[in-house]
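Just entry_16.tsv here, TSV, N, CA and C atoms:
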chain	number	residue	atom	x	y	z
A	15	MET	N	6.64	-20.12	-16.18
A	15	MET	CA	6.72	-20.81	-14.91
A	15	MET	C	8.06	-20.52	-14.23
A	16	GLU	N	9.11	-20.43	-15.01
A	16	GLU	CA	10.44	-20.12	-14.46
A	16	GLU	C	10.44	-18.75	-13.79
A	17	PHE	N	9.69	-17.81	-14.36
A	17	PHE	CA	9.56	-16.47	-13.78
A	17	PHE	C	9.00	-16.55	-12.36
A	18	LEU	N	7.95	-17.33	-12.16
A	18	LEU	CA	7.35	-17.47	-10.83
A	18	LEU	C	8.31	-18.14	-9.86
A	19	LYS	N	9.05	-19.12	-10.32
A	19	LYS	CA	10.02	-19.78	-9.45
A	19	LYS	C	11.08	-18.80	-8.99
A	20	LYS	N	11.48	-17.91	-9.87
A	20	LYS	CA	12.51	-16.93	-9.52
A	20	LYS	C	11.98	-15.91	-8.51
A	21	ILE	N	10.75	-15.45	-8.72
A	21	ILE	CA	10.17	-14.47	-7.80
A	21	ILE	C	9.96	-15.08	-6.42
A	22	PHE	N	9.41	-16.27	-6.39
A	22	PHE	CA	9.12	-16.92	-5.11
A	22	PHE	C	10.17	-17.98	-4.82
A	23	SER	N	11.40	-17.53	-4.65
A	23	SER	CA	12.52	-18.46	-4.52
A	23	SER	C	12.87	-18.83	-3.09
A	24	LYS	N	12.32	-18.12	-2.12
A	24	LYS	CA	12.65	-18.39	-0.73
A	24	LYS	C	11.38	-18.65	0.04
A	25	LYS	N	11.50	-19.34	1.17
A	25	LYS	CA	10.34	-19.63	2.00
A	25	LYS	C	10.64	-19.26	3.44
A	26	THR	N	9.57	-18.90	4.16
A	26	THR	CA	9.74	-18.63	5.58
A	26	THR	C	9.93	-19.95	6.30
A	27	LYS	N	10.53	-19.91	7.45
A	27	LYS	CA	10.73	-21.13	8.23
A	27	LYS	C	9.44	-21.54	8.92
A	28	GLU	N	8.61	-20.55	9.31
A	28	GLU	CA	7.44	-20.85	10.12
A	28	GLU	C	6.38	-21.66	9.40
A	29	ASN	N	6.00	-21.26	8.22
A	29	ASN	CA	4.86	-21.88	7.56
A	29	ASN	C	5.12	-22.27	6.12
A	30	ASP	N	6.36	-22.29	5.72
A	30	ASP	CA	6.69	-22.67	4.36
A	30	ASP	C	5.99	-21.78	3.32
A	31	ILE	N	5.86	-20.49	3.67
A	31	ILE	CA	5.23	-19.51	2.78
A	31	ILE	C	6.30	-18.95	1.85
A	32	PRO	N	6.04	-18.91	0.55
A	32	PRO	CA	7.04	-18.34	-0.36
A	32	PRO	C	7.27	-16.85	-0.09
A	33	ILE	N	8.52	-16.46	-0.10
A	33	ILE	CA	8.88	-15.05	0.06
A	33	ILE	C	9.53	-14.60	-1.24
A	34	PRO	N	9.04	-13.50	-1.81
A	34	PRO	CA	9.63	-13.02	-3.07
A	34	PRO	C	11.10	-12.65	-2.92
A	35	GLU	N	11.80	-12.72	-4.02
A	35	GLU	CA	13.21	-12.34	-4.05
A	35	GLU	C	13.33	-10.82	-4.02
A	36	ARG	N	14.23	-10.33	-3.19
A	36	ARG	CA	14.45	-8.88	-3.06
A	36	ARG	C	15.36	-8.38	-4.19
A	37	TYR	N	15.07	-7.17	-4.67
A	37	TYR	CA	15.96	-6.53	-5.63
A	37	TYR	C	17.29	-6.28	-4.90
A	38	PRO	N	18.43	-6.64	-5.49
A	38	PRO	CA	19.70	-6.61	-4.76
A	38	PRO	C	20.17	-5.25	-4.26
A	39	GLU	N	19.70	-4.16	-4.85
A	39	GLU	CA	20.15	-2.84	-4.40
A	39	GLU	C	19.39	-2.32	-3.18
A	40	ASN	N	18.33	-3.01	-2.76
A	40	ASN	CA	17.60	-2.57	-1.57
A	40	ASN	C	18.54	-2.49	-0.38
A	41	SER	N	18.35	-1.47	0.46
A	41	SER	CA	19.10	-1.41	1.71
A	41	SER	C	18.58	-2.53	2.61
A	42	ALA	N	19.43	-3.00	3.49
A	42	ALA	CA	19.03	-4.07	4.41
A	42	ALA	C	17.92	-3.56	5.32
A	43	GLY	N	16.88	-4.36	5.48
A	43	GLY	CA	15.79	-3.97	6.35
A	43	GLY	C	14.47	-4.58	5.92
A	44	ASP	N	13.42	-4.14	6.58
A	44	ASP	CA	12.10	-4.76	6.41
A	44	ASP	C	11.35	-4.36	5.14
A	45	PHE	N	11.55	-3.15	4.66
A	45	PHE	CA	10.86	-2.71	3.44
A	45	PHE	C	11.76	-2.98	2.24
A	46	TYR	N	11.15	-3.50	1.17
A	46	TYR	CA	11.95	-3.79	-0.03
A	46	TYR	C	11.08	-3.82	-1.27
A	47	VAL	N	11.74	-3.74	-2.42
A	47	VAL	CA	11.09	-3.88	-3.72
A	47	VAL	C	11.48	-5.25	-4.25
A	48	GLU	N	10.49	-5.97	-4.78
A	48	GLU	CA	10.76	-7.29	-5.35
A	48	GLU	C	11.68	-7.17	-6.56
A	49	ASN	N	12.45	-8.20	-6.79
A	49	ASN	CA	13.35	-8.25	-7.94
A	49	ASN	C	12.56	-8.45	-9.23
A	50	GLN	N	12.91	-7.70	-10.24
A	50	GLN	CA	12.39	-7.82	-11.61
A	50	GLN	C	10.89	-7.60	-11.73
A	51	VAL	N	10.31	-6.76	-10.87
A	51	VAL	CA	8.89	-6.46	-11.02
A	51	VAL	C	8.61	-4.99	-11.25
A	52	CYS	N	9.56	-4.12	-10.97
A	52	CYS	CA	9.34	-2.68	-11.11
A	52	CYS	C	9.13	-2.33	-12.58
A	53	ILE	N	8.12	-1.49	-12.83
A	53	ILE	CA	7.85	-1.05	-14.20
A	53	ILE	C	8.20	0.43	-14.40
A	54	ALA	N	8.94	0.99	-13.46
A	54	ALA	CA	9.44	2.37	-13.54
A	54	ALA	C	8.33	3.40	-13.66
A	55	CYS	N	7.25	3.20	-12.90
A	55	CYS	CA	6.14	4.16	-12.95
A	55	CYS	C	6.50	5.47	-12.25
A	56	GLY	N	7.43	5.42	-11.29
A	56	GLY	CA	7.87	6.62	-10.59
A	56	GLY	C	7.03	7.03	-9.40
A	57	ALA	N	5.87	6.41	-9.22
A	57	ALA	CA	4.96	6.81	-8.13
A	57	ALA	C	5.55	6.56	-6.74
A	58	PRO	N	6.10	5.38	-6.45
A	58	PRO	CA	6.65	5.17	-5.11
A	58	PRO	C	7.80	6.11	-4.78
A	59	GLU	N	8.67	6.36	-5.74
A	59	GLU	CA	9.80	7.25	-5.50
A	59	GLU	C	9.33	8.69	-5.27
A	60	ALA	N	8.27	9.09	-5.95
A	60	ALA	CA	7.71	10.43	-5.75
A	60	ALA	C	7.10	10.56	-4.35
A	61	GLU	N	6.57	9.46	-3.85
A	61	GLU	CA	5.95	9.45	-2.52
A	61	GLU	C	7.00	9.46	-1.41
A	62	ALA	N	8.13	8.82	-1.66
A	62	ALA	CA	9.17	8.70	-0.62
A	62	ALA	C	10.56	8.92	-1.23
A	63	PRO	N	10.85	10.12	-1.75
A	63	PRO	CA	12.13	10.34	-2.42
A	63	PRO	C	13.34	10.23	-1.50
A	64	ASP	N	13.14	10.40	-0.22
A	64	ASP	CA	14.25	10.26	0.73
A	64	ASP	C	14.56	8.80	1.03
A	65	LEU	N	13.63	7.89	0.70
A	65	LEU	CA	13.80	6.47	0.99
A	65	LEU	C	14.04	5.62	-0.25
A	66	MET	N	13.54	6.07	-1.40
A	66	MET	CA	13.58	5.25	-2.60
A	66	MET	C	14.20	6.01	-3.76
A	67	GLU	N	14.77	5.26	-4.70
A	67	GLU	CA	15.27	5.87	-5.93
A	67	GLU	C	15.36	4.81	-7.02
A	68	HIS	N	15.64	5.29	-8.24
A	68	HIS	CA	15.81	4.39	-9.38
A	68	HIS	C	17.25	3.89	-9.43
A	69	SER	N	17.39	2.66	-9.83
A	69	SER	CA	18.71	2.05	-9.96
A	69	SER	C	19.50	2.71	-11.08
A	70	LYS	N	20.76	2.88	-10.84
A	70	LYS	CA	21.66	3.36	-11.90
A	70	LYS	C	22.30	2.18	-12.63
A	71	ILE	N	22.11	1.00	-12.08
A	71	ILE	CA	22.66	-0.22	-12.68
A	71	ILE	C	21.65	-0.83	-13.65
A	72	GLU	N	20.42	-1.00	-13.19
A	72	GLU	CA	19.37	-1.60	-14.02
A	72	GLU	C	18.34	-0.52	-14.31
A	73	TYR	N	18.27	-0.07	-15.53
A	73	TYR	CA	17.44	1.07	-15.91
A	73	TYR	C	16.02	0.94	-15.35
A	74	GLY	N	15.61	1.94	-14.59
A	74	GLY	CA	14.24	2.06	-14.17
A	74	GLY	C	13.81	1.32	-12.93
A	75	HIS	N	14.55	0.31	-12.50
A	75	HIS	CA	14.11	-0.46	-11.33
A	75	HIS	C	14.28	0.39	-10.08
A	76	CYS	N	13.23	0.48	-9.27
A	76	CYS	CA	13.33	1.25	-8.03
A	76	CYS	C	13.74	0.34	-6.88
A	77	TYR	N	14.18	0.95	-5.81
A	77	TYR	CA	14.60	0.19	-4.63
A	77	TYR	C	14.63	1.12	-3.42
A	78	PHE	N	14.68	0.52	-2.23
A	78	PHE	CA	14.83	1.30	-1.00
A	78	PHE	C	16.31	1.59	-0.79
A	79	LYS	N	16.67	2.87	-0.90
A	79	LYS	CA	18.05	3.27	-0.65
A	79	LYS	C	18.29	3.45	0.84
A	80	LYS	N	17.20	3.61	1.59
A	80	LYS	CA	17.28	3.83	3.04
A	80	LYS	C	16.00	3.27	3.66
A	81	GLN	N	16.14	2.66	4.80
A	81	GLN	CA	14.98	2.14	5.53
A	81	GLN	C	14.38	3.25	6.39
A	82	PRO	N	13.06	3.23	6.60
A	82	PRO	CA	12.45	4.24	7.46
A	82	PRO	C	12.91	4.06	8.91
A	83	THR	N	13.23	5.18	9.55
A	83	THR	CA	13.66	5.13	10.96
A	83	THR	C	12.81	6.03	11.85
A	84	THR	N	12.02	6.91	11.26
A	84	THR	CA	11.15	7.80	12.04
A	84	THR	C	9.70	7.51	11.66
A	85	ALA	N	8.78	8.04	12.46
A	85	ALA	CA	7.35	7.86	12.17
A	85	ALA	C	6.99	8.47	10.81
A	86	ASP	N	7.54	9.63	10.50
A	86	ASP	CA	7.27	10.27	9.20
A	86	ASP	C	7.80	9.42	8.05
A	87	GLU	N	8.99	8.87	8.20
A	87	GLU	CA	9.55	8.02	7.15
A	87	GLU	C	8.73	6.74	7.00
A	88	LEU	N	8.26	6.19	8.10
A	88	LEU	CA	7.41	5.00	8.04
A	88	LEU	C	6.12	5.32	7.27
A	89	ASP	N	5.54	6.48	7.55
A	89	ASP	CA	4.34	6.91	6.81
A	89	ASP	C	4.63	6.97	5.31
A	90	ARG	N	5.76	7.53	4.94
A	90	ARG	CA	6.11	7.65	3.52
A	90	ARG	C	6.36	6.28	2.88
A	91	ALA	N	7.00	5.38	3.62
A	91	ALA	CA	7.23	4.03	3.09
A	91	ALA	C	5.90	3.32	2.84
A	92	ILE	N	4.98	3.45	3.78
A	92	ILE	CA	3.66	2.83	3.61
A	92	ILE	C	2.89	3.50	2.48
A	93	ASN	N	3.00	4.81	2.37
A	93	ASN	CA	2.35	5.51	1.25
A	93	ASN	C	2.93	5.05	-0.09
A	94	ALA	N	4.24	4.82	-0.12
A	94	ALA	CA	4.87	4.30	-1.35
A	94	ALA	C	4.30	2.93	-1.71
A	95	MET	N	4.07	2.10	-0.69
A	95	MET	CA	3.45	0.79	-0.93
A	95	MET	C	2.05	0.97	-1.53
A	96	GLU	N	1.31	1.92	-0.99
A	96	GLU	CA	-0.07	2.15	-1.45
A	96	GLU	C	-0.14	2.60	-2.90
A	97	VAL	N	0.81	3.42	-3.33
A	97	VAL	CA	0.74	3.96	-4.70
A	97	VAL	C	1.44	3.08	-5.73
A	98	SER	N	2.10	2.04	-5.28
A	98	SER	CA	2.78	1.13	-6.23
A	98	SER	C	1.73	0.49	-7.13
A	99	CYS	N	1.85	0.71	-8.42
A	99	CYS	CA	0.83	0.23	-9.35
A	99	CYS	C	0.87	-1.28	-9.58
A	100	ILE	N	1.93	-1.94	-9.14
A	100	ILE	CA	2.01	-3.39	-9.33
A	100	ILE	C	2.19	-4.14	-8.02
A	101	SER	N	2.06	-3.45	-6.90
A	101	SER	CA	2.23	-4.06	-5.57
A	101	SER	C	3.59	-4.74	-5.44
A	102	GLY	N	4.61	-4.10	-5.97
A	102	GLY	CA	5.95	-4.67	-5.93
A	102	GLY	C	6.76	-4.28	-4.71
A	103	ILE	N	6.19	-3.43	-3.86
A	103	ILE	CA	6.87	-3.05	-2.62
A	103	ILE	C	6.30	-3.89	-1.50
A	104	ARG	N	7.19	-4.44	-0.68
A	104	ARG	CA	6.75	-5.38	0.34
A	104	ARG	C	7.29	-5.01	1.72
A	105	TYR	N	6.62	-5.56	2.73
A	105	TYR	CA	7.09	-5.44	4.11
A	105	TYR	C	7.50	-6.83	4.56
A	106	GLY	N	8.76	-6.99	4.89
A	106	GLY	CA	9.28	-8.29	5.30
A	106	GLY	C	9.54	-8.39	6.79
A	107	GLY	N	9.01	-7.46	7.56
A	107	GLY	CA	9.23	-7.46	9.00
A	107	GLY	C	8.12	-8.15	9.77
A	108	LYS	N	8.32	-8.20	11.08
A	108	LYS	CA	7.36	-8.87	11.97
A	108	LYS	C	6.78	-7.94	13.02
A	109	ASP	N	6.95	-6.63	12.84
A	109	ASP	CA	6.41	-5.67	13.79
A	109	ASP	C	4.88	-5.71	13.70
A	110	LYS	N	4.23	-6.11	14.80
A	110	LYS	CA	2.78	-6.29	14.79
A	110	LYS	C	2.02	-5.00	14.51
A	111	ALA	N	2.51	-3.87	15.02
A	111	ALA	CA	1.83	-2.60	14.78
A	111	ALA	C	1.87	-2.23	13.30
A	112	ILE	N	3.01	-2.45	12.66
A	112	ILE	CA	3.12	-2.15	11.22
A	112	ILE	C	2.27	-3.12	10.42
A	113	LEU	N	2.32	-4.41	10.78
A	113	LEU	CA	1.50	-5.39	10.08
A	113	LEU	C	0.02	-5.05	10.21
A	114	LYS	N	-0.43	-4.69	11.39
A	114	LYS	CA	-1.84	-4.32	11.59
A	114	LYS	C	-2.21	-3.13	10.73
A	115	ARG	N	-1.33	-2.16	10.69
A	115	ARG	CA	-1.58	-0.97	9.87
A	115	ARG	C	-1.71	-1.34	8.39
A	116	LEU	N	-0.81	-2.19	7.91
A	116	LEU	CA	-0.87	-2.63	6.52
A	116	LEU	C	-2.13	-3.45	6.26
A	117	TYR	N	-2.50	-4.31	7.20
A	117	TYR	CA	-3.73	-5.09	7.06
A	117	TYR	C	-4.94	-4.17	6.99
A	118	ASP	N	-4.98	-3.15	7.86
A	118	ASP	CA	-6.10	-2.21	7.87
A	118	ASP	C	-6.22	-1.46	6.54
A	119	LEU	N	-5.11	-1.31	5.84
A	119	LEU	CA	-5.10	-0.66	4.53
A	119	LEU	C	-5.36	-1.64	3.38
A	120	GLY	N	-5.58	-2.91	3.72
A	120	GLY	CA	-5.84	-3.93	2.71
A	120	GLY	C	-4.60	-4.45	2.01
A	121	MET	N	-3.44	-4.30	2.65
A	121	MET	CA	-2.19	-4.71	2.01
A	121	MET	C	-1.58	-5.97	2.64
A	122	GLN	N	-2.41	-6.88	3.12
A	122	GLN	CA	-1.87	-8.10	3.71
A	122	GLN	C	-1.10	-8.95	2.70
A	123	ALA	N	-1.45	-8.84	1.43
A	123	ALA	CA	-0.75	-9.61	0.39
A	123	ALA	C	0.68	-9.11	0.18
A	124	GLU	N	0.97	-7.89	0.61
A	124	GLU	CA	2.31	-7.34	0.47
A	124	GLU	C	3.18	-7.57	1.71
A	125	CYS	N	2.70	-8.39	2.63
A	125	CYS	CA	3.45	-8.69	3.86
A	125	CYS	C	4.01	-10.11	3.78
A	126	ASP	N	5.28	-10.26	4.09
A	126	ASP	CA	5.90	-11.58	4.05
A	126	ASP	C	5.42	-12.47	5.19
A	127	TYR	N	5.10	-11.87	6.32
A	127	TYR	CA	4.64	-12.63	7.48
A	127	TYR	C	3.20	-12.25	7.77
A	128	LYS	N	2.43	-13.21	8.17
A	128	LYS	CA	1.02	-12.99	8.45
A	128	LYS	C	0.82	-12.68	9.92
A	129	LEU	N	0.03	-11.66	10.18
A	129	LEU	CA	-0.22	-11.19	11.54
A	129	LEU	C	-0.72	-12.31	12.44
A	130	GLU	N	-1.64	-13.11	11.94
A	130	GLU	CA	-2.22	-14.18	12.77
A	130	GLU	C	-1.18	-15.24	13.17
A	131	ASN	N	-0.13	-15.38	12.41
A	131	ASN	CA	0.92	-16.35	12.74
A	131	ASN	C	1.88	-15.83	13.80
A	132	LEU	N	1.83	-14.54	14.09
A	132	LEU	CA	2.76	-13.94	15.06
A	132	LEU	C	2.12	-13.76	16.43
A	133	GLU	N	0.82	-14.00	16.53
A	133	GLU	CA	0.13	-13.77	17.81
A	133	GLU	C	0.19	-14.97	18.70

Just dump the structure as structure tokens.
Amino acid sequence: MEFLKKIFSKKTKENDIPIPERYPENSAGDFYVENQVCIACGAPEAEAPDLMEHSKIEYGHCYFKKQPTTADELDRAINAMEVSCISGIRYGGKDKAILKRLYDLGMQAECDYKLENLE
């Protein structure tokens, strides 16, 4: 139970929805890897090597070293989310176009904010 409390340690202001804790090495921005959930499968980093890498501090944990800034990088970040075997990569932003795209891919559970709450 303590594990779940740690993962869901923060809440949004809008609807009191729990937001997972971010791995501390993530670069600031909307895409992130949850803290203590990475199993070092390597799939997300292979999909977006320019955006993600393994931690040198905590063996095997991946994180976003850079946030996507171009359409191609955004595609790679979303592809990394799709191949994550444990759904540990999340989108914490409120961009409606990105949220819609993630919803269309069936990844609404990996979004911190719900599209219907932003309309």

Skip A:Glu61 itself and residues of its chain fewer than 5 positions away, then list as a list in words all residues within 6.5 Å of it, counting only N, CA and C atoms.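 Returned residues: Gly56, Arg90, Ala91, Asn93 and Ala94 of chain A.
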
As a PyMOL selection string, list the residues of stretch 17-105 of chain A assigned to strand (DSSP E or B) by DSSP on the backbone atoms of this structure. chain A and resi 24-25+32-33+36+45-48+66-68+76-78+103-105

Counting only C-alpha atoms, which residue out of A:Glu39, A:Asp118, A:Asp86, A:Glu130 sits closest to A:Glu72?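 Checking each candidate against A:Glu72, we get A:Glu39 as the closest.
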
Please list, as JSON, numbers by chain, the residues that have an atom at most 8 Å away from (13.8, 1.9, -18.6) in the coordinates of this file, counting all atoms listed in the file. {"A": [53, 54, 72, 73, 74, 75]}

Per DSSP on the backbone, filter chain A down to the residues in helix (DSSP H, G or I) and report them as an MDAnalysis selection string. chainID A and resid 16:21 57:61 85:97 110:118 122:124 129:132

Which one of A:Ile92, A:Val97, A:Phe45, A:Arg36 sits closest to A:Pro58 if you count only C-alpha atoms?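 Result for the nearest residue to A:Pro58: A:Val97.
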
Where is the centre and how long are the edges: axis-aligned box on stretch 86-105 of chain A, 6 Å on each side, Å to one decimal, as JSON:
{"center_x": 4.7, "center_y": 1.7, "center_z": 0.5, "size_x": 21.7, "size_y": 29.1, "size_z": 32.1}

Please list as a list of chain:residue names every residue within 9 Å of A:Leu129, counting only C-alpha atoms and excluding residues in the same chain fewer than 4 positions away.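 Contacts, with the query itself left out: A:Lys108, A:Asp109, A:Lys110, A:Leu113, A:Lys114, A:Tyr117, A:Gln122, A:Cys125, A:Glu133.
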
Using atom C of A:Ile112 and atom C of A:Asn49 as the two end points, give the distance in Å to one decimal. 22.8 Å

With all atoms listed in the file as the atoms that count, which of A:Phe78, A:Tyr37, A:Tyr105, A:Tyr46 lies nearest to A:Ala123?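 Distance minimum relative to A:Ala123 lands on A:Tyr105.
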
My list of candidates is A:Ser98, A:Tyr127, A:Gly120, A:Gly43. Which is closest to A:Ala57 when distances are computed with only N, CA and C atoms?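 Residue with the minimum atom-to-atom distance to A:Ala57: A:Ser98.
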